[in-house]
>>> print(open('target.cif').read())   # mmCIF, C-alpha atoms
data_protein
#
loop_
_atom_site.group_PDB
_atom_site.id
_atom_site.type_symbol
_atom_site.label_atom_id
_atom_site.label_comp_id
_atom_site.auth_asym_id
_atom_site.auth_seq_id
_atom_site.Cartn_x
_atom_site.Cartn_y
_atom_site.Cartn_z
ATOM 1 C CA MET A 29 -105.621 -22.268 20.074
ATOM 2 C CA LYS A 30 -106.975 -19.907 17.405
ATOM 3 C CA LEU A 31 -106.502 -16.996 19.778
ATOM 4 C CA ASN A 32 -102.813 -17.861 20.259
ATOM 5 C CA LYS A 33 -102.270 -18.010 16.498
ATOM 6 C CA LYS A 34 -103.988 -14.640 16.113
ATOM 7 C CA TYR A 35 -101.771 -13.027 18.761
ATOM 8 C CA TYR A 36 -98.726 -14.716 17.310
ATOM 9 C CA SER A 37 -99.560 -13.377 13.829
ATOM 10 C CA ILE A 38 -100.135 -9.851 15.133
ATOM 11 C CA PHE A 39 -96.908 -9.973 17.115
ATOM 12 C CA LEU A 40 -94.978 -11.245 14.104
ATOM 13 C CA MET A 41 -96.395 -8.531 11.837
ATOM 14 C CA PHE A 42 -95.670 -5.837 14.427
ATOM 15 C CA PHE A 43 -92.121 -7.108 14.869
ATOM 16 C CA MET A 44 -91.438 -7.243 11.121
ATOM 17 C CA PHE A 45 -92.798 -3.761 10.407
ATOM 18 C CA SER A 46 -91.198 -2.070 13.390
ATOM 19 C CA CYS A 47 -87.790 -3.536 12.619
ATOM 20 C CA SER A 48 -87.976 -2.725 8.949
ATOM 21 C CA PHE A 49 -87.344 0.956 9.706
ATOM 22 C CA TYR A 50 -84.256 0.357 11.776
ATOM 23 C CA SER A 51 -80.898 -0.274 10.203
ATOM 24 C CA LEU A 52 -77.840 -1.741 11.839
ATOM 25 C CA ASN A 53 -75.629 -0.032 9.274
ATOM 26 C CA LYS A 54 -73.866 3.098 10.392
ATOM 27 C CA SER A 55 -74.486 6.153 8.297
ATOM 28 C CA ILE A 56 -73.977 9.882 8.158
ATOM 29 C CA PRO A 57 -76.768 12.495 8.189
ATOM 30 C CA LEU A 58 -78.871 12.351 5.033
ATOM 31 C CA HIS A 59 -78.371 16.007 4.097
ATOM 32 C CA LEU A 60 -74.566 15.594 3.924
ATOM 33 C CA ASN A 61 -73.382 14.430 0.520
ATOM 34 C CA ASN A 62 -70.275 16.478 -0.286
ATOM 35 C CA VAL A 63 -67.245 17.217 1.855
ATOM 36 C CA VAL A 64 -64.345 19.603 1.555
ATOM 37 C CA LEU A 65 -61.086 18.343 3.078
ATOM 38 C CA GLN A 66 -58.883 21.057 4.491
ATOM 39 C CA PRO A 67 -55.127 20.466 4.231
ATOM 40 C CA THR A 68 -53.841 18.542 7.238
ATOM 41 C CA ILE A 69 -51.907 20.688 9.680
ATOM 42 C CA ASN A 70 -48.802 18.894 10.939
ATOM 43 C CA LYS A 71 -47.388 20.183 14.238
ATOM 44 C CA THR A 72 -44.774 17.424 14.503
ATOM 45 C CA ASN A 73 -41.179 17.178 13.319
ATOM 46 C CA GLU A 74 -42.071 14.268 11.032
ATOM 47 C CA TYR A 75 -42.344 15.956 7.643
ATOM 48 C CA LYS A 76 -44.127 13.239 5.678
ATOM 49 C CA ILE A 77 -46.652 12.061 8.280
ATOM 50 C CA GLY A 78 -49.253 14.667 7.278
ATOM 51 C CA ARG A 79 -49.177 13.691 3.619
ATOM 52 C CA GLU A 80 -49.212 9.972 4.457
ATOM 53 C CA PHE A 81 -52.255 10.419 6.695
ATOM 54 C CA GLU A 82 -54.093 12.491 4.056
ATOM 55 C CA ASN A 83 -53.436 9.870 1.378
ATOM 56 C CA LYS A 84 -54.552 6.954 3.562
ATOM 57 C CA PHE A 85 -57.665 8.729 4.826
ATOM 58 C CA LEU A 86 -58.642 9.882 1.321
ATOM 59 C CA GLN A 87 -58.186 6.355 -0.045
ATOM 60 C CA LEU A 88 -60.382 4.905 2.721
ATOM 61 C CA LEU A 89 -63.043 7.618 2.314
ATOM 62 C CA LEU A 90 -63.263 6.860 -1.406
ATOM 63 C CA GLU A 91 -63.364 3.086 -0.823
ATOM 64 C CA LYS A 92 -66.231 3.432 1.672
ATOM 65 C CA ASN A 93 -68.049 5.855 -0.668
ATOM 66 C CA LEU A 94 -69.389 7.887 2.262
ATOM 67 C CA LEU A 95 -69.090 11.430 0.906
ATOM 68 C CA SER A 96 -68.134 13.006 -2.406
ATOM 69 C CA ILE A 97 -65.088 15.239 -2.231
ATOM 70 C CA THR A 98 -65.640 18.721 -3.621
ATOM 71 C CA ASP A 99 -64.543 22.337 -3.244
ATOM 72 C CA TYR A 100 -65.757 24.653 -0.495
ATOM 73 C CA GLU A 101 -68.549 26.325 -2.506
ATOM 74 C CA LYS A 102 -70.313 22.999 -3.195
ATOM 75 C CA ALA A 103 -69.603 21.303 0.149
ATOM 76 C CA ASP A 104 -72.215 20.290 2.705
ATOM 77 C CA CYS A 105 -69.599 19.679 5.382
ATOM 78 C CA GLN A 106 -65.944 20.251 6.124
ATOM 79 C CA LEU A 107 -63.231 18.030 7.625
ATOM 80 C CA ARG A 108 -60.092 19.413 9.217
ATOM 81 C CA PHE A 109 -57.284 17.353 10.760
ATOM 82 C CA THR A 110 -54.403 18.571 12.904
ATOM 83 C CA ILE A 111 -51.587 16.200 13.804
ATOM 84 C CA GLU A 112 -50.889 17.382 17.336
ATOM 85 C CA LYS A 113 -48.199 14.975 18.562
ATOM 86 C CA LEU A 114 -45.952 12.124 17.607
ATOM 87 C CA ASN A 115 -44.247 10.727 20.715
ATOM 88 C CA ASP A 116 -41.697 7.960 21.151
ATOM 89 C CA VAL A 117 -41.960 6.611 24.697
ATOM 90 C CA PRO A 118 -39.934 3.774 26.241
ATOM 91 C CA TYR A 119 -42.095 0.658 26.474
ATOM 92 C CA LEU A 120 -39.783 -2.176 27.586
ATOM 93 C CA LEU A 121 -36.570 -1.586 29.543
ATOM 94 C CA ASP A 122 -33.634 -3.943 29.991
ATOM 95 C CA ASP A 123 -31.813 -3.518 33.292
ATOM 96 C CA SER A 124 -28.273 -4.835 33.233
ATOM 97 C CA LYS A 125 -25.378 -4.416 35.673
ATOM 98 C CA ASN A 126 -23.960 -1.377 33.920
ATOM 99 C CA ALA A 127 -26.955 0.443 32.451
ATOM 100 C CA THR A 128 -30.610 0.463 31.630
ATOM 101 C CA THR A 129 -31.456 0.294 27.942
ATOM 102 C CA VAL A 130 -34.696 0.531 26.038
ATOM 103 C CA LYS A 131 -35.583 -2.674 24.196
ATOM 104 C CA GLN A 132 -38.940 -1.566 22.804
ATOM 105 C CA TRP A 133 -40.531 1.817 22.157
ATOM 106 C CA GLN A 134 -44.135 2.869 21.867
ATOM 107 C CA ILE A 135 -44.996 5.428 19.222
ATOM 108 C CA GLU A 136 -48.123 7.475 19.838
ATOM 109 C CA ILE A 137 -49.818 9.768 17.324
ATOM 110 C CA VAL A 138 -52.529 12.259 18.291
ATOM 111 C CA ILE A 139 -54.704 13.751 15.539
ATOM 112 C CA HIS A 140 -57.409 16.301 16.269
ATOM 113 C CA MET A 141 -60.498 15.866 14.086
ATOM 114 C CA GLU A 142 -63.001 18.632 13.354
ATOM 115 C CA TRP A 143 -66.135 17.873 11.330
ATOM 116 C CA PHE A 144 -68.423 20.814 10.617
ATOM 117 C CA ASP A 145 -71.890 20.774 9.038
ATOM 118 C CA LEU A 146 -71.930 23.731 6.618
ATOM 119 C CA VAL A 147 -75.661 23.337 5.873
ATOM 120 C CA ASN A 148 -76.856 23.609 9.487
ATOM 121 C CA GLN A 149 -73.813 25.605 10.660
ATOM 122 C CA SER A 150 -73.120 23.160 13.472
ATOM 123 C CA GLU A 151 -70.165 21.229 14.784
ATOM 124 C CA LEU A 152 -70.547 17.473 14.401
ATOM 125 C CA THR A 153 -67.263 16.269 15.891
ATOM 126 C CA ASN A 154 -64.353 18.039 17.529
ATOM 127 C CA LYS A 155 -61.992 15.743 19.400
ATOM 128 C CA PRO A 156 -58.533 14.200 19.471
ATOM 129 C CA ILE A 157 -58.011 10.625 18.305
ATOM 130 C CA VAL A 158 -55.003 8.703 19.679
ATOM 131 C CA GLU A 159 -53.331 5.544 18.371
ATOM 132 C CA SER A 160 -50.130 3.811 19.455
ATOM 133 C CA VAL A 161 -47.950 0.918 18.301
ATOM 134 C CA VAL A 162 -44.912 -0.704 19.945
ATOM 135 C CA TYR A 163 -41.691 -1.266 17.983
ATOM 136 C CA SER A 164 -38.088 -2.327 18.479
ATOM 137 C CA LEU A 165 -35.000 -0.331 17.488
ATOM 138 C CA ASN A 166 -32.992 -3.384 16.453
ATOM 139 C CA ASN A 167 -35.563 -4.444 13.798
ATOM 140 C CA SER A 168 -36.039 -7.749 15.582
ATOM 141 C CA SER A 169 -39.238 -9.632 15.121
ATOM 142 C CA ILE A 170 -41.331 -8.840 18.190
ATOM 143 C CA ILE A 171 -44.666 -9.540 16.554
ATOM 144 C CA ASN A 172 -46.805 -12.619 16.397
ATOM 145 C CA ASP A 173 -49.110 -13.698 13.578
ATOM 146 C CA ASN A 174 -51.768 -11.039 14.170
ATOM 147 C CA ASN A 175 -49.415 -8.183 15.251
ATOM 148 C CA GLN A 176 -51.101 -7.927 18.673
ATOM 149 C CA ASN A 177 -50.481 -9.367 22.093
ATOM 150 C CA SER A 178 -53.177 -10.645 24.432
ATOM 151 C CA ASP A 179 -53.721 -7.122 25.837
ATOM 152 C CA GLY A 180 -54.582 -5.765 22.375
ATOM 153 C CA ILE A 181 -51.321 -3.830 22.040
ATOM 154 C CA GLU A 182 -50.127 -3.687 18.442
ATOM 155 C CA PHE A 183 -46.504 -4.362 17.535
ATOM 156 C CA ALA A 184 -44.362 -3.483 14.538
ATOM 157 C CA THR A 185 -40.831 -4.513 13.630
ATOM 158 C CA ASN A 186 -39.416 -0.969 13.342
ATOM 159 C CA ARG A 187 -40.289 2.710 13.756
ATOM 160 C CA GLU A 188 -41.401 3.282 10.148
ATOM 161 C CA ALA A 189 -43.732 0.279 10.292
ATOM 162 C CA ALA A 190 -45.126 1.541 13.618
ATOM 163 C CA ILE A 191 -45.868 4.983 12.130
ATOM 164 C CA GLU A 192 -47.499 3.375 9.103
ATOM 165 C CA GLN A 193 -49.680 1.152 11.308
ATOM 166 C CA CYS A 194 -50.698 4.139 13.450
ATOM 167 C CA ILE A 195 -51.722 6.043 10.308
ATOM 168 C CA ILE A 196 -53.808 3.091 9.106
ATOM 169 C CA ASN A 197 -55.469 2.791 12.530
ATOM 170 C CA LEU A 198 -56.117 6.540 12.723
ATOM 171 C CA SER A 199 -57.692 6.582 9.253
ATOM 172 C CA ASP A 200 -59.988 3.702 10.235
ATOM 173 C CA ARG A 201 -60.940 5.468 13.453
ATOM 174 C CA MET A 202 -61.711 8.703 11.580
ATOM 175 C CA ILE A 203 -64.042 6.846 9.200
ATOM 176 C CA ASN A 204 -65.726 5.222 12.217
ATOM 177 C CA GLU A 205 -66.164 8.658 13.787
ATOM 178 C CA LEU A 206 -67.894 9.904 10.643
ATOM 179 C CA THR A 207 -70.316 6.998 10.592
ATOM 180 C CA SER A 208 -70.918 6.557 14.318
ATOM 181 C CA THR A 209 -71.840 10.151 15.094
ATOM 182 C CA TRP A 210 -75.418 9.330 14.059
#
>>> encode(input="target.cif", output="structure tokens")
Amino acid sequence: MKLNKKYYSIFLMFFMFSCSFYSLNKSIPLHLNNVVLQPTINKTNEYKIGREFENKFLQLLLEKNLLSITDYEKADCQLRFTIEKLNDVPYLLDDSKNATTVKQWQIEIVIHMEWFDLVNQSELTNKPIVESVVYSLNNSSIINDNNQNSDGIEFATNREAAIEQCIINLSDRMINELTSTW
């Protein structure tokens, strides 16, 4: 019985000390403290989407307190975003006797994210991030209480709300990319 208690105590101590060095929190590399944000390049016809994305991402970055924003000379890393596409694609069609009409549209936004470590001169992330939301042209309420259907597809009541939701989702995904790289 004493032997079992001894092994149990050793196992418990080993478990406690080995787990004390591991964190479940996501974080960025320790040597990165300051970031320079390059102006967002907007390759779409939507004039204000670049500014809206920058504002939302900046707000979220400051709320999460991940990196301090600075100028290029003091920066440890650099973030660059390019809005590649904004597509409206038919999502739900209505076939009638005379014609086929679109009842719901899906808006898709593609933003390319580049994160560069200026200290180690290495690329940390370089990839496109895609988000989409479904909306209706007639401003009808096509959403339920949590704005998603059972397949995880998000819905908005109109095009502007769909763009806004995509920007929010993209900003969240960008923050997750910063913290999940490590």
>>> closest_residue(input="target.cif", among="A:Val63, A:Cys194, A:Ser124, A:Thr129", to="A:Phe144", atoms="all atoms listed in the file")
A:Val63
>>> resolve_selection(input="target.cif", expression="the PyMOL selection byres ((chain A and resi 117) around 6)", output="PDB file with C-alpha atoms, keeping the file's coordinate frame")
ATOM      1  CA  ASP A 116     -41.697   7.960  21.151  1.00  0.00           C
ATOM      2  CA  PRO A 118     -39.934   3.774  26.241  1.00  0.00           C
ATOM      3  CA  TRP A 133     -40.531   1.817  22.157  1.00  0.00           C
ATOM      4  CA  GLN A 134     -44.135   2.869  21.867  1.00  0.00           C
TER       5      GLN A 134
END
>>> closest_residue(input="target.cif", among="A:Val158, A:Ile69, A:Asn83, A:Phe109", to="A:Glu142", atoms="only C-alpha atoms")
A:Phe109
>>> closest_residue(input="target.cif", among="A:Val64, A:Leu89, A:Leu120, A:Ile56", to="A:Glu101", atoms="all atoms listed in the file")
A:Val64
>>> atom_distance(input="target.cif", atom1="atom CA of A:Phe85", atom2="atom CA of A:Phe183")
21.4 Å
>>> residues_around(input="target.cif", residues="A:Leu86", least_positions_apart="3", cutoff="12 Å", atoms="only C-alpha atoms", output="list in words")
Val63, Val64, Leu65, Gln66, Pro67, Thr68, Arg79, Glu80, Phe81, Glu82, Asn83, Leu89, Leu90, Glu91, Lys92, Asn93, Leu94, Leu95, Ser96, Ile97, Leu107, Ile195, Ile196, Ser199, Asp200, Met202 and Ile203 of chain A
>>> resolve_selection(input="target.cif", expression="the PyMOL selection byres ((chain A and resi 191) around 12)", output="JSON, numbers by chain")
{"A": [74, 76, 77, 78, 80, 81, 114, 115, 116, 133, 134, 135, 136, 137, 138, 159, 160, 161, 162, 163, 182, 183, 184, 185, 186, 187, 188, 189, 190, 192, 193, 194, 195, 196, 197, 198]}
>>> resolve_selection(input="target.cif", expression="the PyMOL selection byres ((chain A and resi 147) around 12)", output="ChimeraX atom specification")
/A:57-63,100-106,144-146,148-152
>>> atom_distance(input="target.cif", atom1="atom CA of A:Ser208", atom2="atom CA of A:Thr153")
10.5 Å
>>> axis_aligned_box(input="target.cif", around="stretch 194-208 of chain A", padding_each_side="5 Å", output="JSON")
{"center_x": -60.8, "center_y": 6.3, "center_z": 11.7, "size_x": 30.2, "size_y": 17.1, "size_z": 15.2}
>>> closest_residue(input="target.cif", among="A:Trp143, A:Glu112, A:Leu165, A:Ile157", to="A:Val130", atoms="all atoms listed in the file")
A:Leu165
>>> closest_residue(input="target.cif", among="A:Lys113, A:Leu121, A:Arg108, A:Asp99", to="A:Asn73", atoms="all atoms listed in the file")
A:Lys113
>>> atom_distance(input="target.cif", atom1="atom CA of A:Ile181", atom2="atom CA of A:Thr128")
23.2 Å
>>> residues_around(input="target.cif", residues="A:Ile111", least_positions_apart="6", cutoff="6 Å", atoms="all atoms listed in the file", output="PDB file with C-alpha atoms, keeping the file's coordinate frame")
ATOM      1  CA  ASN A  70     -48.802  18.894  10.939  1.00  0.00           C
ATOM      2  CA  LYS A  71     -47.388  20.183  14.238  1.00  0.00           C
ATOM      3  CA  ILE A 139     -54.704  13.751  15.539  1.00  0.00           C
TER       4      ILE A 139
END
>>> closest_residue(input="target.cif", among="A:Lys84, A:Arg201, A:Thr110, A:Asn154", to="A:Thr72", atoms="only C-alpha atoms")
A:Thr110
